[in-house]
Structures are given as structure tokens and as C-alpha cells.
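*Asks:* Before I ask anything, here is the structure I am working with.
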There are 2 protein chains.
Amino acid sequence: MIDVGLAADVLTATLVDVPSPSGGETRLADDVEATLRAAPHLSVDRDGDAVMARTTMGGERRVVIAGHLDTVPVADNLPSRRDGDRLYGCGTSDMKAGIAVMLRLAVALDVPRHDVTWLFYDNEETDAAHNGLGRVLRNSPDWLRADLAVLMEPTANRLEAGCQGTLRVLVVATGKRAHSARSWLGNNAIHAAGEVLSRLSAYEPRRVEIDGCEYREGLNAVRIEGGVSGNVVPDRCTIAVNHRFAPAALPRLREPAAAEFLSAIGGEPRAKLGWTDVARFASIGIPAVNFGPGDPNLAHTREEYVEVPLISECERMLRGYLVG
Amino acid sequence: MIDVGLAADVLTATLVDVPSPSGGETRLADDVEATLRAAPHLSVDRDGDAVMARTTMGGERRVVIAGHLDTVPVADNLPSRRDGDRLYGCGTSDMKAGIAVMLRLAVALDVPRHDVTWLFYDNEETDAAHNGLGRVLRNSPDWLRADLAVLMEPTANRLEAGCQGTLRVLVVATGKRAHSARSWLGNNAIHAAGEVLSRLSAYEPRRVEIDGCEYREGLNAVRIEGGVSGNVVPDRCTIAVNHRFAPAALPRLREPAAAEFLSAIGGEPRAKLGWTDVARFASIGIPAVNFGPGDPNLAHTREEYVEVPLISECERMLRGYLVG
């Protein structure tokens, strides 16, 4: 049971201090479930370590507000540590500050402007095959039915629309082995890979503007490996290429539910350049945006922290939208 | 004690069946030492697993005939196996066939045309720092004093003169890490390595002719490694480049002792394109050639074999030279 009466920053620290790396979310999910079940206006359900709590006012519009409970592996950065306006620790930005805001509002807002489905899920920071939102989509698609989805990924309280796609291809250059003292008998696969790298270097990233959001693509070798031994002309060199393409989820900011959210939040929307689970909502036709108090540049770093003032600001902004 | 009365091919099989991968030569070295000590015309000495036996006739000229006792690691290719004119097994070509010839002639030729220093040494097929010939050069340089050195490396009974050099350099391309979704904030070190590979591809190997022997140089990437993780623009890529340069040891075929050997052996000399220990003899001013019954292309392969007729042919050629 979590005390949602704590100030948002203190609550964030409490959540951070329950370690929940991907696959280890059960204790935190249990706490979240117990907390939500104590709120009479919420109907709560659970799937694995995903917890869903929703209002059922029969309103005209429904919004899903979703956040993942898991973090990347702890890197000697727990327990949390407060230093002035910063709260340091694994998961502070990505995304327990957002979870704290969700928990406080889920319990506090018994009659929100729209019906709300609060979704806390597991295994976002790991192999996509284990993603808790993907599992919910398969097991209980009705949990996700909504006119808008807000994913509380770290955006420093700006609306980040849509998301880009990512795909990885393996390029294999082949050749013929030979002793390097008689290299003309072989064909060097690493040398052959040079042509691939030249093309990657020459690549001009496409920029795409949609609904006022500029997406920037990318094409990068993220790994290269080749070689047999110090005196052998190698016959194989592999290059892993990561392509970031725009967009994997359209911003759809002109949809009424999204436009209403944008107008409540204010500010200039921008493109989400990374891949996020908004793509899963997009895949079932739900406009989805990223919005949360964490700092996107600090996610996954050992020095991860959250700017404490952004947590209550996020709560104020989201409350404003939900109260109307 | 080794029975040098056995036919050269049978003796080769006997030697092959005493495994002697680098660092494990002691048993074979003991056998070789005992065999040589039984020959009254030889004065024998030992350093680690190197065995030296020499005639001391006070002749005008001295030739060192040297071979290494060790092999590359056994690769399921022992004991030896005879198939028609081929004897299969680890070390057959590189170079126990040559060791068999050396042992038979060392014991048989009590009054050779020139004084002979027979040198059997260890640790040639491993890190150069452990090379037995290098150790002998430090501990007992007088063992190597001679007008000519013949190294019984596999050459299929052709004279291969001198040797090429080999050196390895590590080229490191650097860049700046960034999330691959925001790759323009970084600088891809793997892409930067493309320029290195382009230059290696464009490299035109130099050919050098000395004393009628053509050396061919080479410049090859033998290993490439780079990459941090699947979504990071990498900041480091390393390329190991192997340069084969000509020559590390000059052929020096016009020196009288070498010219005499060439004339006795006959045939067209050619350049040794790999690196061999002839370079160690060259470093102390001794003309040195490669000459042995093994097949240079089969050395270090699992399918290593020696053409049996070449063993007795080699013995006949070397005997002809030593008897005059």
C-alpha cells in the first residue's frame, strides 16, 4: 500500500526505492494494485504485473494514461538521493516520477472530465516480445479502448507526438579466406565492407514534417565485426545497421481528443524521435502522445535524475486537463 | 631413443605419433637428444627443449640445418594415418618430415663435406617471445655461427629464399556517442572507419624482385570491431591491419655458401612469402634459406599431410649437398 498523500516528489522517491528492473516488477505492481483497489471510484484488474484501474462514469470520451513500472537494470544508483532540486536514482526520470503523478491523480480524481483508464505495466525496458502493453493488447484489448492515449514517457512536460520507427538489419560482406602472406589468393571481406560504410557515411537523413512536428530519420552502423585471426584474410564481416524512420506512429494532433489535450497542456508540440509504446496504440487506431515529467536525455544513464519541480508541474498540467 | 634405421617415411610417422604442440616438446626433445648422443661423431648440447648436435671436423665452412620440433595444436588429426602416398597427421608437413630427414642424415653422415650444426628447437608455432631459436640466440649464440643456415620449413623441396616481414598495427577511429534516434548529436566511429577500409581496398601491393626472387607485399585488415549497443551511435571502431613487407630477410643467393647450396639442390629458387625464422639468422648476418619436404599450403590445416615420396627425395638432395 502506497501513501498517495505524500508530496509528489516524496512519493517518487518512495517508488524509486522499490527496485523494479524489467522482470522484477511484482512487488511494485502489488503495491500499486493494493493502492488502487482502496479507491472506491476505480474498477481494478490485473494481468501478470500489469495493473489497470478505470473510472466507469459512462462519459462520452475515454483517455488511457499509461506508464511502465519497470526500469533498466540498477547501476549502483539506488536508493534514491536528493540533491537540491534533483532526485537521483534508477528510474527517477524513466519513469517513476510519471508513475507518482498517475497514482496521485488516479486516487484523487473520482469524477474526472473524461473516463480515465490508468494503466501501469511491466517489461517495457526489455525485449519487445515481453512488453507488458503488448501482452495486455493480446489478452485484454478492451483495457486499451479509448479516444486518446497519453504515455508518461519522459518529455520534460512537453507534448511529444507520435514516434519514429526503428529497425535493424544485418549486412554481411563475404570474401574468401587466405593466409595474409599470400593475400592475393583471397578476397578481404572487411575491405568489401568499406563500400557499405561509405554509403552509410554519404546518407543524407530525410526530414519529415507532419502536423507541425519535424521527424528526422537516421541510418547508422551500430556494430561491426570481422576477422579470423591475425594472419588470415577474413571471409566475413557483419555490420548491424539501425534505421530510424519517420514516423512509426503518426502524431494525429488534429484528432479532437488529441487537440483537446494539446490545448490543455499548451506549449509547442514536437516530434518524438525515439520509439515508444505510442506505436502500439497507433497500431489499434488510437491517437497517442508522450507526456511526462522526466528528462528524456537522462533516461538509462547511471546519473539519471529528475528535476523535482517538473513533477508537481506535470501533476498540475494533467490535473488541469482531467478536471477541465 | 629413435630408430633412425627406419625408412624416412616410417620414421616420420613415428615422430608424428609423439605429439609435440608448442610447449609440449620435452618428450620428443628427450628422444632426439638420446638418439644424437649415441652418434660418436656428434657433440651434443641442450637448452630447454632445444637440442644441438654438431660435427667438429675443423672444416672451412659450417652450415646450420635447423628445424622446429613443435607443431600447432593437435586437431583430432593424430595418430598419423597412411593413405597411399600420403601420410596424414598434425605436423607431418610442418615439419616432422624434415625432422626425420635431419635425424637420419645427422647420424649417418659422420664426415660431411662441411661441418654441420644440427639444431632441433622448440616453440616456433607460438608467440615469438617464446621462440626456441630466439632463446638459443640469446643463451648460446655460438651454436648458430655458420656460413649458411638451412631451415627445414615446408617448401616441397624447392629452395625458398629469404622471407617477408609482417607487422600489425591497430587503427582506431573515434567519434562521439549518441542515441541512434538522435544520431546527429553524435559522430559515428564505424562510418569514419570506412575511409580506412577504402584506402586498404585501393592499396596496390608492391612487388619487389631481388636475386631473381619476386616478393609480393600485402596490406590487409584482419580484424574490425566496433559498436556499443543496438541503439547507440558508436564512438570507437578498431581495425587491425596486417602489413606484409618485402623482404624481412634478404635472399643473399649470391653469397658463396648459398650459391653452392642452390647449385647442389637445383631448380629455380623462389621467394618465401611468409615470415620464417630465417629472419633470425639474417639478423646475425647469416645467409639463410628455407628448404624442406613438407607442403607449405597444408601447414596448420586439420587435413595436413606430407607426400611420402618427397621425404626421401629431400633426404637424397640434402645428402647430395652434404656429401658433395
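Just so we're on the same page: first chain in the C-alpha cells is A, next is B, and so on; residues restart at 1 for each chain, and ligands are numbered from 1 in the order they show up.
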Using only C-alpha atoms and a cut-off of 8 Å, which residues of chain B sit close to chain A? Please list them as a ChimeraX atom specification.
*Replies:* /B:168,180-183,188,190-198,200-201,216-218,220-234,240,242,244,273-275
*Asks:* Fewer than 5 positions away in the same chain doesn't count, so skip those; otherwise give me all residues within 8 Å of stretch 94-104 of chain B, counting only C-alpha atoms, as a ChimeraX atom specification.
*Replies:* /B:4-5,8-9,11-12,15-16,32,36,65,67-69,71,118,120,152-154,292-296,299-300,306,311-312,314-315
*Asks:* Generate the output file for the selected residues, N, CA, C and O atoms, as a compact mmCIF listing (two decimals), in the first residue's frame.
*Replies:*
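See result_26.txt below for the written result:
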```
# COMPACT_ATOMS: atom_id res chain seq x y z
N VAL B 4 66.76 -44.55 -36.19
CA VAL B 4 66.95 -43.82 -37.44
C VAL B 4 67.21 -44.76 -38.61
O VAL B 4 67.33 -44.32 -39.75
N GLY B 5 67.25 -46.07 -38.30
CA GLY B 5 67.37 -47.06 -39.37
C GLY B 5 66.04 -47.26 -40.10
O GLY B 5 66.00 -47.83 -41.20
N ALA B 8 62.62 -43.30 -44.11
CA ALA B 8 62.31 -41.91 -43.76
C ALA B 8 60.82 -41.71 -43.53
O ALA B 8 60.41 -40.97 -42.62
N ASP B 9 59.96 -42.36 -44.33
CA ASP B 9 58.52 -42.17 -44.15
C ASP B 9 58.03 -42.81 -42.85
O ASP B 9 57.20 -42.24 -42.14
N LEU B 11 59.88 -43.37 -40.24
CA LEU B 11 60.43 -42.55 -39.17
C LEU B 11 59.58 -41.29 -38.96
O LEU B 11 59.29 -40.89 -37.82
N THR B 12 59.14 -40.69 -40.06
CA THR B 12 58.27 -39.51 -39.96
C THR B 12 57.02 -39.84 -39.16
O THR B 12 56.63 -39.10 -38.23
N LEU B 15 57.70 -40.05 -35.51
CA LEU B 15 57.86 -38.73 -34.88
C LEU B 15 56.52 -38.01 -34.74
O LEU B 15 56.25 -37.36 -33.72
N VAL B 16 55.67 -38.15 -35.75
CA VAL B 16 54.35 -37.51 -35.70
C VAL B 16 53.54 -38.07 -34.53
O VAL B 16 52.78 -37.34 -33.87
N VAL B 32 65.11 -37.15 -29.17
CA VAL B 32 66.06 -36.65 -30.16
C VAL B 32 67.45 -36.55 -29.54
O VAL B 32 68.46 -36.98 -30.13
N LEU B 36 70.87 -38.60 -30.75
CA LEU B 36 72.06 -37.90 -31.25
C LEU B 36 73.28 -38.19 -30.37
O LEU B 36 74.41 -38.32 -30.87
N ILE B 65 71.75 -26.61 -39.98
CA ILE B 65 70.50 -27.14 -40.53
C ILE B 65 69.53 -27.23 -39.35
O ILE B 65 69.79 -27.93 -38.37
N GLY B 67 65.48 -27.17 -37.57
CA GLY B 67 64.05 -27.47 -37.70
C GLY B 67 63.40 -27.40 -36.34
O GLY B 67 64.04 -27.68 -35.32
N HIS B 68 62.13 -27.02 -36.34
CA HIS B 68 61.45 -26.95 -35.04
C HIS B 68 60.73 -28.25 -34.75
O HIS B 68 60.17 -28.89 -35.65
N LEU B 69 60.74 -28.63 -33.46
CA LEU B 69 60.13 -29.88 -33.02
C LEU B 69 58.64 -29.73 -32.76
O LEU B 69 57.91 -30.71 -32.74
N THR B 71 54.60 -28.41 -33.02
CA THR B 71 53.53 -28.33 -34.02
C THR B 71 52.47 -27.37 -33.49
O THR B 71 52.47 -27.00 -32.32
N TRP B 118 73.44 -29.38 -36.41
CA TRP B 118 72.03 -29.78 -36.49
C TRP B 118 71.32 -29.18 -35.30
O TRP B 118 71.70 -29.43 -34.16
N PHE B 120 67.65 -28.67 -33.41
CA PHE B 120 66.23 -29.01 -33.24
C PHE B 120 65.71 -28.10 -32.14
O PHE B 120 66.25 -28.11 -31.04
N MET B 152 64.38 -26.12 -42.29
CA MET B 152 63.64 -27.16 -43.00
C MET B 152 62.12 -26.94 -42.98
O MET B 152 61.33 -27.88 -42.86
N GLU B 153 61.72 -25.68 -43.13
CA GLU B 153 60.30 -25.35 -43.28
C GLU B 153 59.76 -25.97 -44.56
O GLU B 153 60.49 -26.18 -45.52
N PRO B 154 58.48 -26.30 -44.59
CA PRO B 154 57.90 -26.93 -45.79
C PRO B 154 57.99 -26.05 -47.03
O PRO B 154 57.47 -24.93 -47.04
N GLY B 292 62.53 -27.78 -47.42
CA GLY B 292 62.04 -28.94 -46.68
C GLY B 292 61.00 -29.70 -47.49
O GLY B 292 60.45 -29.17 -48.47
N PRO B 293 60.70 -30.94 -47.09
CA PRO B 293 59.84 -31.81 -47.89
C PRO B 293 58.34 -31.55 -47.72
O PRO B 293 57.54 -32.07 -48.50
N GLY B 294 57.95 -30.78 -46.71
CA GLY B 294 56.52 -30.58 -46.47
C GLY B 294 55.88 -29.69 -47.52
O GLY B 294 56.56 -29.09 -48.35
N ASP B 295 54.55 -29.65 -47.48
CA ASP B 295 53.80 -28.79 -48.41
C ASP B 295 53.40 -27.51 -47.66
O ASP B 295 52.66 -27.57 -46.69
N PRO B 296 53.88 -26.35 -48.12
CA PRO B 296 53.61 -25.12 -47.36
C PRO B 296 52.12 -24.77 -47.28
O PRO B 296 51.69 -24.11 -46.35
N ALA B 299 50.32 -26.69 -44.19
CA ALA B 299 50.70 -26.41 -42.81
C ALA B 299 49.52 -25.81 -42.06
O ALA B 299 48.78 -24.99 -42.61
N HIS B 300 49.33 -26.22 -40.84
CA HIS B 300 48.34 -25.66 -39.92
C HIS B 300 46.90 -26.03 -40.28
O HIS B 300 45.97 -25.50 -39.70
N VAL B 306 51.78 -35.11 -45.72
CA VAL B 306 53.00 -34.93 -46.49
C VAL B 306 52.99 -35.98 -47.61
O VAL B 306 52.51 -37.11 -47.41
N ILE B 311 59.76 -37.02 -49.07
CA ILE B 311 60.65 -37.13 -47.89
C ILE B 311 61.99 -37.74 -48.30
O ILE B 311 63.06 -37.19 -48.02
N SER B 312 61.93 -38.87 -49.02
CA SER B 312 63.22 -39.48 -49.40
C SER B 312 63.91 -38.66 -50.49
O SER B 312 65.14 -38.60 -50.55
N CYS B 314 63.91 -35.41 -50.56
CA CYS B 314 64.58 -34.35 -49.78
C CYS B 314 65.87 -34.89 -49.18
O CYS B 314 66.92 -34.24 -49.24
N GLU B 315 65.76 -36.09 -48.62
CA GLU B 315 66.96 -36.69 -47.99
C GLU B 315 68.07 -36.86 -49.02
O GLU B 315 69.23 -36.55 -48.77
```
*Asks:* I'd like the neighbourhood of stretch 111-116 of chain A as a compact mmCIF listing (two decimals) with N, CA and C atoms, in the first residue's frame, where a residue qualifies if any of its atoms comes within 9 Å (using only C-alpha atoms), though same-chain residues fewer than 4 positions away should be ignored.
*Replies:*
```
# COMPACT_ATOMS: atom_id res chain seq x y z
N HIS A 41 -13.86 4.59 -6.48
CA HIS A 41 -14.34 5.00 -7.80
C HIS A 41 -13.62 4.26 -8.93
N ALA A 53 -6.70 0.31 -13.79
CA ALA A 53 -7.74 0.86 -12.91
C ALA A 53 -8.50 1.90 -13.72
N ARG A 54 -9.83 1.76 -13.79
CA ARG A 54 -10.55 2.72 -14.63
C ARG A 54 -11.82 3.24 -13.95
N THR A 55 -12.15 4.46 -14.33
CA THR A 55 -13.45 5.00 -13.94
C THR A 55 -14.47 4.48 -14.94
N THR A 56 -15.70 4.38 -14.49
CA THR A 56 -16.75 3.88 -15.39
C THR A 56 -17.96 4.78 -15.26
N MET A 57 -17.72 6.05 -15.56
CA MET A 57 -18.80 7.04 -15.45
C MET A 57 -19.73 6.99 -16.66
N GLY A 58 -19.35 6.30 -17.70
CA GLY A 58 -20.15 6.30 -18.93
C GLY A 58 -20.02 7.60 -19.68
N GLY A 59 -18.90 8.29 -19.50
CA GLY A 59 -18.67 9.55 -20.19
C GLY A 59 -18.54 9.35 -21.69
N GLU A 60 -18.52 10.48 -22.40
CA GLU A 60 -18.52 10.45 -23.87
C GLU A 60 -17.15 10.05 -24.42
N ARG A 61 -16.12 10.44 -23.66
CA ARG A 61 -14.76 10.23 -24.13
C ARG A 61 -13.97 9.47 -23.06
N ARG A 62 -13.02 8.65 -23.53
CA ARG A 62 -12.16 7.93 -22.57
C ARG A 62 -10.71 8.15 -22.97
N VAL A 63 -9.86 8.37 -21.96
CA VAL A 63 -8.43 8.52 -22.22
C VAL A 63 -7.68 7.46 -21.42
N VAL A 64 -6.74 6.82 -22.08
CA VAL A 64 -5.84 5.89 -21.37
C VAL A 64 -4.60 6.68 -20.97
N ILE A 65 -4.24 6.58 -19.71
CA ILE A 65 -2.98 7.20 -19.27
C ILE A 65 -2.11 6.05 -18.78
N ALA A 106 -4.97 9.29 -10.01
CA ALA A 106 -5.93 8.18 -10.11
C ALA A 106 -6.78 8.10 -8.85
N ALA A 146 -10.03 3.51 -26.17
CA ALA A 146 -10.03 4.91 -25.74
C ALA A 146 -10.00 5.81 -26.96
N ARG A 319 -3.76 17.40 -14.21
CA ARG A 319 -4.99 17.63 -13.44
C ARG A 319 -5.87 18.65 -14.17
N TYR A 321 -6.04 19.25 -17.31
CA TYR A 321 -6.68 18.60 -18.45
C TYR A 321 -7.83 17.72 -17.99
N LEU A 322 -7.65 16.98 -16.91
CA LEU A 322 -8.64 15.98 -16.50
C LEU A 322 -9.82 16.60 -15.75
N VAL A 323 -9.57 17.78 -15.15
CA VAL A 323 -10.66 18.41 -14.42
C VAL A 323 -11.44 19.33 -15.35
N GLY A 324 -10.71 19.93 -16.30
CA GLY A 324 -11.36 20.75 -17.31
C GLY A 324 -11.71 22.13 -16.80
```
*Asks:* I need the residue nearest B:Val10 from this list: B:Leu87, B:Ala38, B:Thr174, B:Arg254. Use only C-alpha atoms for the distance.
*Replies:*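 Checking each candidate against B:Val10, we get B:Leu87 as the closest.
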*Asks:* Going by DSSP on the backbone, which bits of stretch 134-167 of chain B are strand (DSSP E or B)? Write them as a VMD selection string, please.
*Replies:* chain B and resid 148 to 151 160 to 161 163 to 167
*Asks:* Those residues you just picked out, can you put them in a file as a PDB file, in the first residue's frame with N, CA and C atoms?
*Replies:*
```pdb
ATOM      1  N   LEU B 148      76.074 -20.577 -43.584  1.00  0.00           N
ATOM      2  CA  LEU B 148      74.761 -20.724 -44.223  1.00  0.00           C
ATOM      3  C   LEU B 148      73.834 -21.410 -43.225  1.00  0.00           C
ATOM      4  N   ALA B 149      72.586 -21.015 -43.256  1.00  0.00           N
ATOM      5  CA  ALA B 149      71.584 -21.731 -42.462  1.00  0.00           C
ATOM      6  C   ALA B 149      70.515 -22.261 -43.405  1.00  0.00           C
ATOM      7  N   VAL B 150      70.156 -23.522 -43.194  1.00  0.00           N
ATOM      8  CA  VAL B 150      69.055 -24.124 -43.955  1.00  0.00           C
ATOM      9  C   VAL B 150      67.951 -24.431 -42.949  1.00  0.00           C
ATOM     10  N   LEU B 151      66.791 -23.833 -43.171  1.00  0.00           N
ATOM     11  CA  LEU B 151      65.660 -24.041 -42.270  1.00  0.00           C
ATOM     12  C   LEU B 151      64.715 -25.009 -42.972  1.00  0.00           C
ATOM     13  N   GLU B 160      63.398 -21.855 -51.080  1.00  0.00           N
ATOM     14  CA  GLU B 160      62.687 -20.589 -50.927  1.00  0.00           C
ATOM     15  C   GLU B 160      63.590 -19.644 -50.147  1.00  0.00           C
ATOM     16  N   ALA B 161      63.872 -18.519 -50.801  1.00  0.00           N
ATOM     17  CA  ALA B 161      64.925 -17.642 -50.295  1.00  0.00           C
ATOM     18  C   ALA B 161      64.361 -16.520 -49.447  1.00  0.00           C
ATOM     19  N   CYS B 163      62.786 -14.137 -46.552  1.00  0.00           N
ATOM     20  CA  CYS B 163      61.389 -14.197 -46.120  1.00  0.00           C
ATOM     21  C   CYS B 163      60.861 -12.786 -46.051  1.00  0.00           C
ATOM     22  N   GLN B 164      59.550 -12.670 -46.035  1.00  0.00           N
ATOM     23  CA  GLN B 164      58.939 -11.353 -45.905  1.00  0.00           C
ATOM     24  C   GLN B 164      58.723 -11.036 -44.427  1.00  0.00           C
ATOM     25  N   GLY B 165      58.506  -9.778 -44.186  1.00  0.00           N
ATOM     26  CA  GLY B 165      58.225  -9.351 -42.828  1.00  0.00           C
ATOM     27  C   GLY B 165      56.739  -9.185 -42.610  1.00  0.00           C
ATOM     28  N   THR B 166      56.371  -9.187 -41.346  1.00  0.00           N
ATOM     29  CA  THR B 166      54.964  -8.986 -41.032  1.00  0.00           C
ATOM     30  C   THR B 166      54.882  -8.032 -39.856  1.00  0.00           C
ATOM     31  N   LEU B 167      53.975  -7.103 -39.935  1.00  0.00           N
ATOM     32  CA  LEU B 167      53.728  -6.265 -38.764  1.00  0.00           C
ATOM     33  C   LEU B 167      52.243  -5.956 -38.708  1.00  0.00           C
TER      34      LEU B 167
END
```
